[in-house]
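**Q** entry-v5.txt (compact mmCIF, C-alpha atoms) pasted underneath:
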# COMPACT_ATOMS: atom_id res chain seq x y z
CA MET A 3 53.87 -17.38 25.31
CA ARG A 4 53.21 -18.58 28.84
CA GLU A 5 54.53 -21.97 29.88
CA ILE A 6 52.34 -24.92 28.89
CA SER A 7 52.09 -27.45 31.72
CA PRO A 8 52.46 -31.21 31.14
CA GLU A 9 48.74 -31.70 31.88
CA ASN A 10 47.90 -28.95 29.38
CA ILE A 11 49.92 -30.92 26.85
CA SER A 12 48.10 -34.20 27.49
CA GLY A 13 44.76 -32.37 27.22
CA PHE A 14 45.86 -30.70 24.00
CA VAL A 15 47.14 -33.95 22.51
CA VAL A 16 43.77 -35.64 23.13
CA GLY A 17 42.35 -33.19 20.61
CA GLU A 18 45.24 -32.65 18.26
CA GLY A 19 47.84 -35.42 18.52
CA CYS A 20 48.13 -38.66 16.56
CA PHE A 21 49.85 -41.88 17.58
CA TYR A 22 50.33 -44.00 14.51
CA VAL A 23 52.41 -46.73 12.92
CA GLU A 24 53.89 -46.75 9.45
CA SER A 25 53.99 -50.31 8.20
CA GLY A 26 54.20 -52.21 4.96
CA LYS A 27 56.31 -54.46 2.82
CA ASP A 28 59.93 -53.42 2.66
CA PRO A 29 62.70 -55.75 1.45
CA LYS A 30 65.27 -53.83 3.51
CA TYR A 31 63.77 -55.28 6.71
CA LYS A 32 64.02 -58.78 8.15
CA LEU A 33 60.80 -60.65 7.22
CA GLY A 34 60.38 -58.08 4.43
CA TYR A 35 58.06 -55.93 6.53
CA ARG A 36 58.62 -52.57 8.15
CA VAL A 37 56.92 -51.41 11.35
CA ARG A 38 57.76 -47.94 12.67
CA ALA A 39 55.94 -46.02 15.37
CA ALA A 40 55.48 -42.25 15.24
CA PHE A 41 53.76 -39.43 17.07
CA CYS A 42 52.71 -36.19 15.44
CA ILE A 43 50.69 -33.01 15.88
CA GLU A 44 49.72 -30.88 12.90
CA LEU A 45 48.60 -27.28 13.40
CA ARG A 46 48.19 -24.09 11.49
CA GLU A 47 51.45 -22.20 11.30
CA ASP A 48 50.16 -19.36 13.46
CA ASP A 49 50.16 -21.76 16.42
CA ARG A 50 53.71 -22.95 15.80
CA GLU A 51 54.79 -21.78 19.27
CA ILE A 52 52.59 -24.47 20.83
CA LEU A 53 54.58 -27.11 18.95
CA GLU A 54 57.85 -25.51 20.04
CA ALA A 55 56.73 -25.64 23.68
CA ILE A 56 55.74 -29.32 23.35
CA GLN A 57 59.04 -30.15 21.61
CA GLU A 58 60.92 -28.53 24.48
CA THR A 59 58.91 -30.35 27.16
CA LEU A 60 59.19 -33.77 25.50
CA GLY A 61 62.84 -33.14 24.65
CA CYS A 62 62.63 -34.73 21.23
CA GLY A 63 61.08 -34.51 17.76
CA ASN A 64 61.25 -32.10 14.85
CA ILE A 65 58.99 -29.40 13.47
CA TYR A 66 58.36 -29.31 9.73
CA GLN A 67 56.86 -26.68 7.50
CA LEU A 68 54.24 -28.38 5.32
CA ASN A 69 54.41 -27.02 1.83
CA PHE A 70 54.29 -30.05 -0.40
CA GLY A 71 51.58 -32.06 -2.11
CA ARG A 72 48.15 -31.12 -0.88
CA TYR A 73 49.61 -28.12 0.91
CA LYS A 74 50.93 -26.60 -2.31
CA ASN A 75 49.17 -23.45 -3.44
CA TYR A 76 47.11 -23.56 -0.27
CA SER A 77 46.39 -19.85 -0.36
CA LYS A 78 44.40 -20.36 -3.58
CA LYS A 79 42.38 -23.12 -1.91
CA ASN A 80 41.79 -21.14 1.27
CA TRP A 81 44.24 -23.43 3.06
CA LYS A 82 46.39 -21.86 5.70
CA PRO A 83 50.07 -22.81 6.03
CA HIS A 84 50.53 -25.77 8.40
CA VAL A 85 53.37 -27.04 10.53
CA LYS A 86 53.90 -30.54 11.88
CA TYR A 87 55.67 -31.74 15.00
CA ARG A 88 56.83 -35.32 14.60
CA VAL A 89 58.74 -37.86 16.65
CA SER A 90 59.76 -40.90 14.62
CA ASN A 91 62.98 -41.98 16.33
CA GLN A 92 62.03 -45.29 17.96
CA ASN A 93 64.25 -44.75 21.01
CA GLU A 94 62.63 -41.38 21.65
CA ILE A 95 59.17 -42.90 21.26
CA ILE A 96 60.15 -45.60 23.79
CA HIS A 97 62.04 -43.48 26.31
CA LYS A 98 60.42 -40.05 26.01
CA VAL A 99 56.98 -40.00 24.38
CA ILE A 100 55.43 -43.07 26.02
CA PRO A 101 56.71 -42.35 29.56
CA PHE A 102 55.42 -38.77 29.28
CA PHE A 103 51.86 -39.83 28.47
CA GLU A 104 51.99 -42.57 31.08
CA LYS A 105 52.84 -39.91 33.65
CA TYR A 106 50.34 -37.34 32.33
CA PRO A 107 47.57 -39.56 31.00
CA LEU A 108 45.37 -38.99 28.00
CA PHE A 109 41.62 -39.61 28.08
CA GLY A 110 38.70 -40.45 25.77
CA LYS A 111 39.27 -42.30 22.53
CA LYS A 112 42.82 -40.97 22.23
CA LYS A 113 43.70 -42.92 25.38
CA LYS A 114 42.53 -46.11 23.66
CA SER A 115 44.70 -45.34 20.62
CA PHE A 116 47.64 -44.64 22.89
CA ASP A 117 47.21 -47.96 24.73
CA VAL A 118 47.27 -49.95 21.49
CA PHE A 119 50.18 -47.83 20.22
CA THR A 120 52.10 -48.65 23.42
CA LYS A 121 51.54 -52.39 22.91
CA ILE A 122 52.97 -52.12 19.39
CA VAL A 123 55.95 -50.11 20.60
CA LYS A 124 56.69 -52.74 23.30
CA LYS A 125 56.81 -55.37 20.54
CA ILE A 126 59.24 -53.18 18.60
CA GLU A 127 61.30 -52.53 21.73
CA PHE A 128 61.70 -56.25 22.47
CA LYS A 129 62.11 -57.09 18.78
CA GLU A 130 59.09 -59.39 18.86
CA HIS A 131 58.00 -57.99 15.49
CA LEU A 132 61.09 -59.62 13.98
CA THR A 133 59.71 -63.13 14.58
CA PRO A 134 56.96 -64.45 12.28
CA TYR A 135 54.50 -64.93 15.17
CA GLY A 136 55.32 -61.55 16.73
CA LEU A 137 54.90 -59.83 13.37
CA GLU A 138 51.42 -61.32 12.93
CA GLU A 139 50.44 -60.11 16.41
CA THR A 140 51.89 -56.70 15.61
CA LYS A 141 49.94 -56.48 12.35
CA LYS A 142 46.70 -57.18 14.23
CA LEU A 143 47.47 -54.35 16.65
CA VAL A 144 48.38 -52.01 13.79
CA SER A 145 45.04 -52.72 12.18
CA GLU A 146 43.26 -52.05 15.49
CA LEU A 147 45.15 -48.76 15.85
CA LYS A 148 44.24 -47.70 12.31
CA SER A 149 40.59 -48.30 12.97
CA LEU A 150 40.72 -46.31 16.23
CA ASN A 151 42.49 -43.46 14.44
CA LYS A 152 40.07 -43.40 11.54
CA LYS A 153 38.95 -39.83 11.05
CA GLY A 154 35.68 -39.34 9.24
CA MET A 155 34.22 -35.94 10.02
CA MET B 14 36.87 -42.74 32.26
CA ARG B 15 39.59 -41.35 34.51
CA GLU B 16 39.13 -37.88 35.93
CA ILE B 17 40.13 -35.05 33.62
CA SER B 18 42.07 -32.37 35.47
CA PRO B 19 41.34 -28.65 35.03
CA GLU B 20 44.67 -28.19 33.22
CA ASN B 21 43.79 -31.11 30.93
CA ILE B 22 40.58 -29.24 30.14
CA SER B 23 42.32 -25.98 29.28
CA GLY B 24 44.77 -27.88 27.07
CA PHE B 25 41.91 -29.71 25.38
CA VAL B 26 39.90 -26.52 24.87
CA VAL B 27 42.86 -24.86 23.10
CA GLY B 28 42.42 -27.50 20.41
CA GLU B 29 38.69 -28.10 20.45
CA GLY B 30 36.80 -25.28 22.14
CA CYS B 31 35.26 -22.14 20.65
CA PHE B 32 34.52 -18.82 22.33
CA TYR B 33 32.13 -16.86 20.15
CA VAL B 34 29.46 -14.19 20.08
CA GLU B 35 26.12 -14.33 18.34
CA SER B 36 25.17 -10.86 17.23
CA GLY B 37 22.92 -9.14 14.77
CA LYS B 38 19.90 -6.96 14.31
CA ASP B 39 17.01 -7.92 16.55
CA PRO B 40 14.05 -5.60 17.24
CA LYS B 41 13.41 -7.31 20.59
CA TYR B 42 16.57 -5.74 22.02
CA LYS B 43 17.23 -2.17 23.07
CA LEU B 44 19.10 -0.41 20.21
CA GLY B 45 17.70 -3.16 17.95
CA TYR B 46 20.86 -5.23 18.21
CA ARG B 47 21.52 -8.47 20.02
CA VAL B 48 24.90 -9.52 21.48
CA ARG B 49 25.16 -12.88 23.22
CA ALA B 50 28.32 -14.70 24.25
CA ALA B 51 28.66 -18.48 24.09
CA PHE B 52 31.23 -21.21 24.56
CA CYS B 53 31.08 -24.59 22.84
CA ILE B 54 32.97 -27.77 22.07
CA GLU B 55 31.88 -30.08 19.29
CA LEU B 56 33.14 -33.67 19.16
CA ARG B 57 32.31 -36.97 17.61
CA GLU B 58 29.73 -38.80 19.63
CA ASP B 59 32.14 -41.55 20.65
CA ASP B 60 33.97 -38.98 22.79
CA ARG B 61 30.80 -37.75 24.50
CA GLU B 62 32.18 -38.70 27.93
CA ILE B 63 34.83 -35.98 27.57
CA LEU B 64 32.04 -33.39 27.24
CA GLU B 65 30.25 -34.86 30.25
CA ALA B 66 33.42 -34.56 32.33
CA ILE B 67 33.89 -30.92 31.24
CA GLN B 68 30.23 -30.12 31.95
CA GLU B 69 30.64 -31.53 35.45
CA THR B 70 33.85 -29.61 36.14
CA LEU B 71 32.49 -26.29 34.84
CA GLY B 72 29.15 -26.90 36.54
CA CYS B 73 27.10 -25.51 33.66
CA GLY B 74 26.09 -25.95 30.03
CA ASN B 75 24.18 -28.53 28.02
CA ILE B 76 25.10 -31.34 25.68
CA TYR B 77 23.22 -31.67 22.39
CA GLN B 78 23.05 -34.44 19.88
CA LEU B 79 23.64 -32.92 16.44
CA ASN B 80 21.29 -34.44 13.92
CA PHE B 81 19.94 -31.50 12.00
CA GLY B 82 20.90 -29.59 8.88
CA ARG B 83 24.34 -30.51 7.65
CA TYR B 84 24.40 -33.40 10.11
CA LYS B 85 21.40 -35.06 8.54
CA ASN B 86 22.10 -38.30 6.71
CA TYR B 87 25.68 -38.07 7.86
CA SER B 88 26.26 -41.80 7.52
CA LYS B 89 25.74 -41.46 3.76
CA LYS B 90 28.29 -38.66 3.64
CA ASN B 91 30.82 -40.51 5.79
CA TRP B 92 30.02 -38.11 8.63
CA LYS B 93 30.07 -39.52 12.10
CA PRO B 94 27.41 -38.50 14.65
CA HIS B 95 28.50 -35.43 16.60
CA VAL B 96 27.65 -33.97 19.98
CA LYS B 97 28.01 -30.40 21.14
CA TYR B 98 28.60 -29.00 24.60
CA ARG B 99 27.36 -25.42 24.84
CA VAL B 100 27.13 -22.71 27.49
CA SER B 101 24.99 -19.79 26.40
CA ASN B 102 23.57 -18.55 29.70
CA GLN B 103 25.27 -15.16 30.14
CA ASN B 104 25.50 -15.48 33.94
CA GLU B 105 27.23 -18.84 33.61
CA ILE B 106 29.61 -17.42 31.02
CA ILE B 107 30.42 -14.56 33.41
CA HIS B 108 30.62 -16.48 36.68
CA LYS B 109 31.75 -19.96 35.64
CA VAL B 110 33.37 -20.17 32.20
CA ILE B 111 35.54 -17.05 32.30
CA PRO B 112 36.80 -17.54 35.87
CA PHE B 113 37.70 -21.16 35.06
CA PHE B 114 39.90 -20.22 32.10
CA GLU B 115 41.41 -17.33 34.02
CA LYS B 116 42.46 -19.81 36.72
CA TYR B 117 43.60 -22.52 34.25
CA PRO B 118 44.83 -20.43 31.34
CA LEU B 119 44.66 -21.22 27.67
CA PHE B 120 47.59 -20.67 25.31
CA GLY B 121 48.35 -20.02 21.64
CA LYS B 122 45.80 -18.36 19.40
CA LYS B 123 42.90 -19.62 21.51
CA LYS B 124 44.20 -17.48 24.37
CA LYS B 125 43.94 -14.42 22.11
CA SER B 126 40.35 -15.31 21.20
CA PHE B 127 39.53 -15.82 24.86
CA ASP B 128 40.96 -12.41 25.80
CA VAL B 129 38.82 -10.60 23.22
CA PHE B 130 35.81 -12.72 24.22
CA THR B 131 36.36 -11.70 27.86
CA LYS B 132 36.39 -8.00 26.88
CA ILE B 133 33.05 -8.44 25.11
CA VAL B 134 31.56 -10.31 28.06
CA LYS B 135 32.65 -7.51 30.43
CA LYS B 136 30.74 -5.05 28.25
CA ILE B 137 27.68 -7.28 28.40
CA GLU B 138 28.08 -7.71 32.18
CA PHE B 139 28.18 -3.96 32.78
CA LYS B 140 25.50 -3.31 30.14
CA GLU B 141 27.83 -1.07 28.16
CA HIS B 142 26.55 -2.68 24.96
CA LEU B 143 23.19 -1.07 25.66
CA THR B 144 24.56 2.42 25.04
CA PRO B 145 25.20 3.56 21.46
CA TYR B 146 28.92 4.17 22.09
CA GLY B 147 29.35 0.88 24.00
CA LEU B 148 27.56 -1.02 21.26
CA GLU B 149 29.94 0.35 18.61
CA GLU B 150 32.93 -0.67 20.74
CA THR B 151 31.38 -4.10 21.23
CA LYS B 152 30.82 -4.54 17.50
CA LYS B 153 34.50 -3.79 16.85
CA LEU B 154 35.50 -6.47 19.36
CA VAL B 155 33.03 -8.95 17.88
CA SER B 156 34.56 -8.41 14.48
CA GLU B 157 38.06 -8.92 15.94
CA LEU B 158 36.90 -12.16 17.60
CA LYS B 159 35.38 -13.44 14.37
CA SER B 160 38.58 -12.87 12.51
CA LEU B 161 40.60 -14.68 15.23
CA ASN B 162 38.16 -17.60 15.13
CA LYS B 163 38.18 -17.85 11.36
CA LYS B 164 38.82 -21.43 10.50
CA GLY B 165 40.22 -22.03 7.06
CA MET B 166 41.93 -25.40 6.92
Mind converting the file's structure to C-alpha cells?

**A**
Amino acid sequence: MREISPENISGFVVGEGCFYVESGKDPKYKLGYRVRAAFCIELREDDREILEAIQETLGCGNIYQLNFGRYKNYSKKNWKPHVKYRVSNQNEIIHKVIPFFEKYPLFGKKKKSFDVFTKIVKKIEFKEHLTPYGLEETKKLVSELKSLNKKGM
Amino acid sequence: MREISPENISGFVVGEGCFYVESGKDPKYKLGYRVRAAFCIELREDDREILEAIQETLGCGNIYQLNFGRYKNYSKKNWKPHVKYRVSNQNEIIHKVIPFFEKYPLFGKKKKSFDVFTKIVKKIEFKEHLTPYGLEETKKLVSELKSLNKKGM
C-alpha cells in the first residue's frame, strides 16, 4: 500500500478513531478509582494494512484480532472479521499520541473529544487524579468525554 | 472550524465516503439502461461543517438533510439526524471529484473502490456505455464496485 501521510491519518481518525477513558472503582488504585486513557481504531480485517501504517507512523500501540464476545460466529450473523488498533500505555498516549494530533490536528466533533481527552490525560500526567479534588474534576471531564463520544446511529 | 487540508479530506473519505453507481433498466436511455456515477458522504448532523468544508474544497455537490424513509421518527429509534453530501452531476464527477482524489490519493479498500469507479466514469465520459459491448463491460465493473462497497458490519 502507498504511504499514508500524517494529515491523511488525522483525517481518517476523525471518521474512525476513538479517544476514550476507562474508569471505575478499583481497590488496587489510590482513592479506589481507576482512570486510564486509551486511543483505538476498529476496522474490518480487510483494511488491516491501514492500521499497520498508522501503528508505524505513531510508533506505538498494538493490533488485535477481534474474535471474542459479540464477534464470535460473526460469519453466521453477516459480521465481517474485525481488527483493532489500540494504544493504552499512558506514556505513549502522553508522548506519542497527543503530540501527533496536536501537530496534525483533527476537526469536527472528534476535535472536541480530543480536547477533553487531552485535559484528562494532563491530569493523569501530573497525577492530579490522585488527589480527591483532582479526581472529582477528572470524573467531570470523563463524563463530558463520554457524552461527546456517544454513538447513536 | 479550522481549515481541513486536501490530505485530511482524502483520509476522511477513506473512512466515510462512498463512490457508487446507480444503474438499472430505464426506457428513457439509449439501450434501455441507465448508468450514473455518484459520490457521497453521510454524517450525523452535528458534523455538518465537515461536509461544508469538503463541498467548498471540491467546488461542487449539494448537502441534504435526511429526514425521509428510514430517517423518519429517528429520535424514537435513537437515530440522530443525518446529513448527506452528494455529487451526482457527471461533469463534476469527471472534472472535479476524480482529479481531486487522483491528486490526493485514497488508500486501503476505498482506493480499490475508487479505481473501479474511475474506470466506469471513463466509460461514461467517452460514451462507451452507450454501445452494447461497452455497456456489458460497464455492467461487469458496476458489479465489481458493488461487491467492493458491500458493507456488512

**Q** Return the single residue from B:Ile76, B:Cys31, B:Val129, B:Leu119 that is closest to chain A, with distances computed using all atoms listed in the file.

**A**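 Smallest separation from chain A among the options: B:Leu119.
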
**Q** So, counting all atoms listed in the file, which residue among B:Leu79, B:Leu154, B:Val34, B:Ile22 is closest to Ala66 in chain B?

**A** B:Ile22

**Q** How many Å separate CA of Ser23 in chain B from CA of Glu141 in chain B?

**A**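 Rounded to one decimal, the two atoms are 28.8 Å apart.
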
**Q** Dump as a ChimeraX atom specification the residues of chain A that approach chain B to within 9 Å, counting all atoms listed in the file.

**A** /A:3-18,46,48-52,80-84,107-111,153-155

**Q** So the first atom is CA of Asn151 in chain A and the second is CA of Asp117 in chain A; what is the distance between them in Å, to one decimal place?

**A**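 Those two atoms sit 12.2 Å apart.
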
**Q** Please measure the separation of CA of Val85 in chain A and CA of Tyr98 in chain B, giving the value in Å to one decimal.

**A**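 Taking CA of Val85 in chain A as the start and CA of Tyr98 in chain B as the end point, the length is 28.6 Å.
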
**Q** With distances taken over only C-alpha atoms, which residue among B:His108, B:Lys125, B:Lys152, B:Lys135 lies nearest Val48 in chain B?

**A**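 The shortest atom-to-atom distance to Val48 in chain B comes from B:Lys152.
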
**Q** If we count all atoms listed in the file and set the cut-off at 9 Å, which residues sit around Tyr33 in chain B, ignoring sequence neighbours fewer than 3 positions away in its own chain? Please answer as a ChimeraX atom specification.

**A** /B:49-53,126-127,130,155,158-159,162

**Q** Taking 5 positions as the minimum chain separation for residues in the same chain, which residues sit within 9 Å of Leu148 in chain B when counting all atoms listed in the file? Answer as a PyMOL selection string.

**A** chain B and resi 44+46+48+136+141-143+153

**Q** Given the choices B:Leu161, B:Leu71, B:Ile54, B:Val100, which gets closest to Phe114 in chain B if the distance is worked out from all atoms listed in the file?

**A**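 Ranked by minimum distance to Phe114 in chain B, first place goes to B:Leu71.
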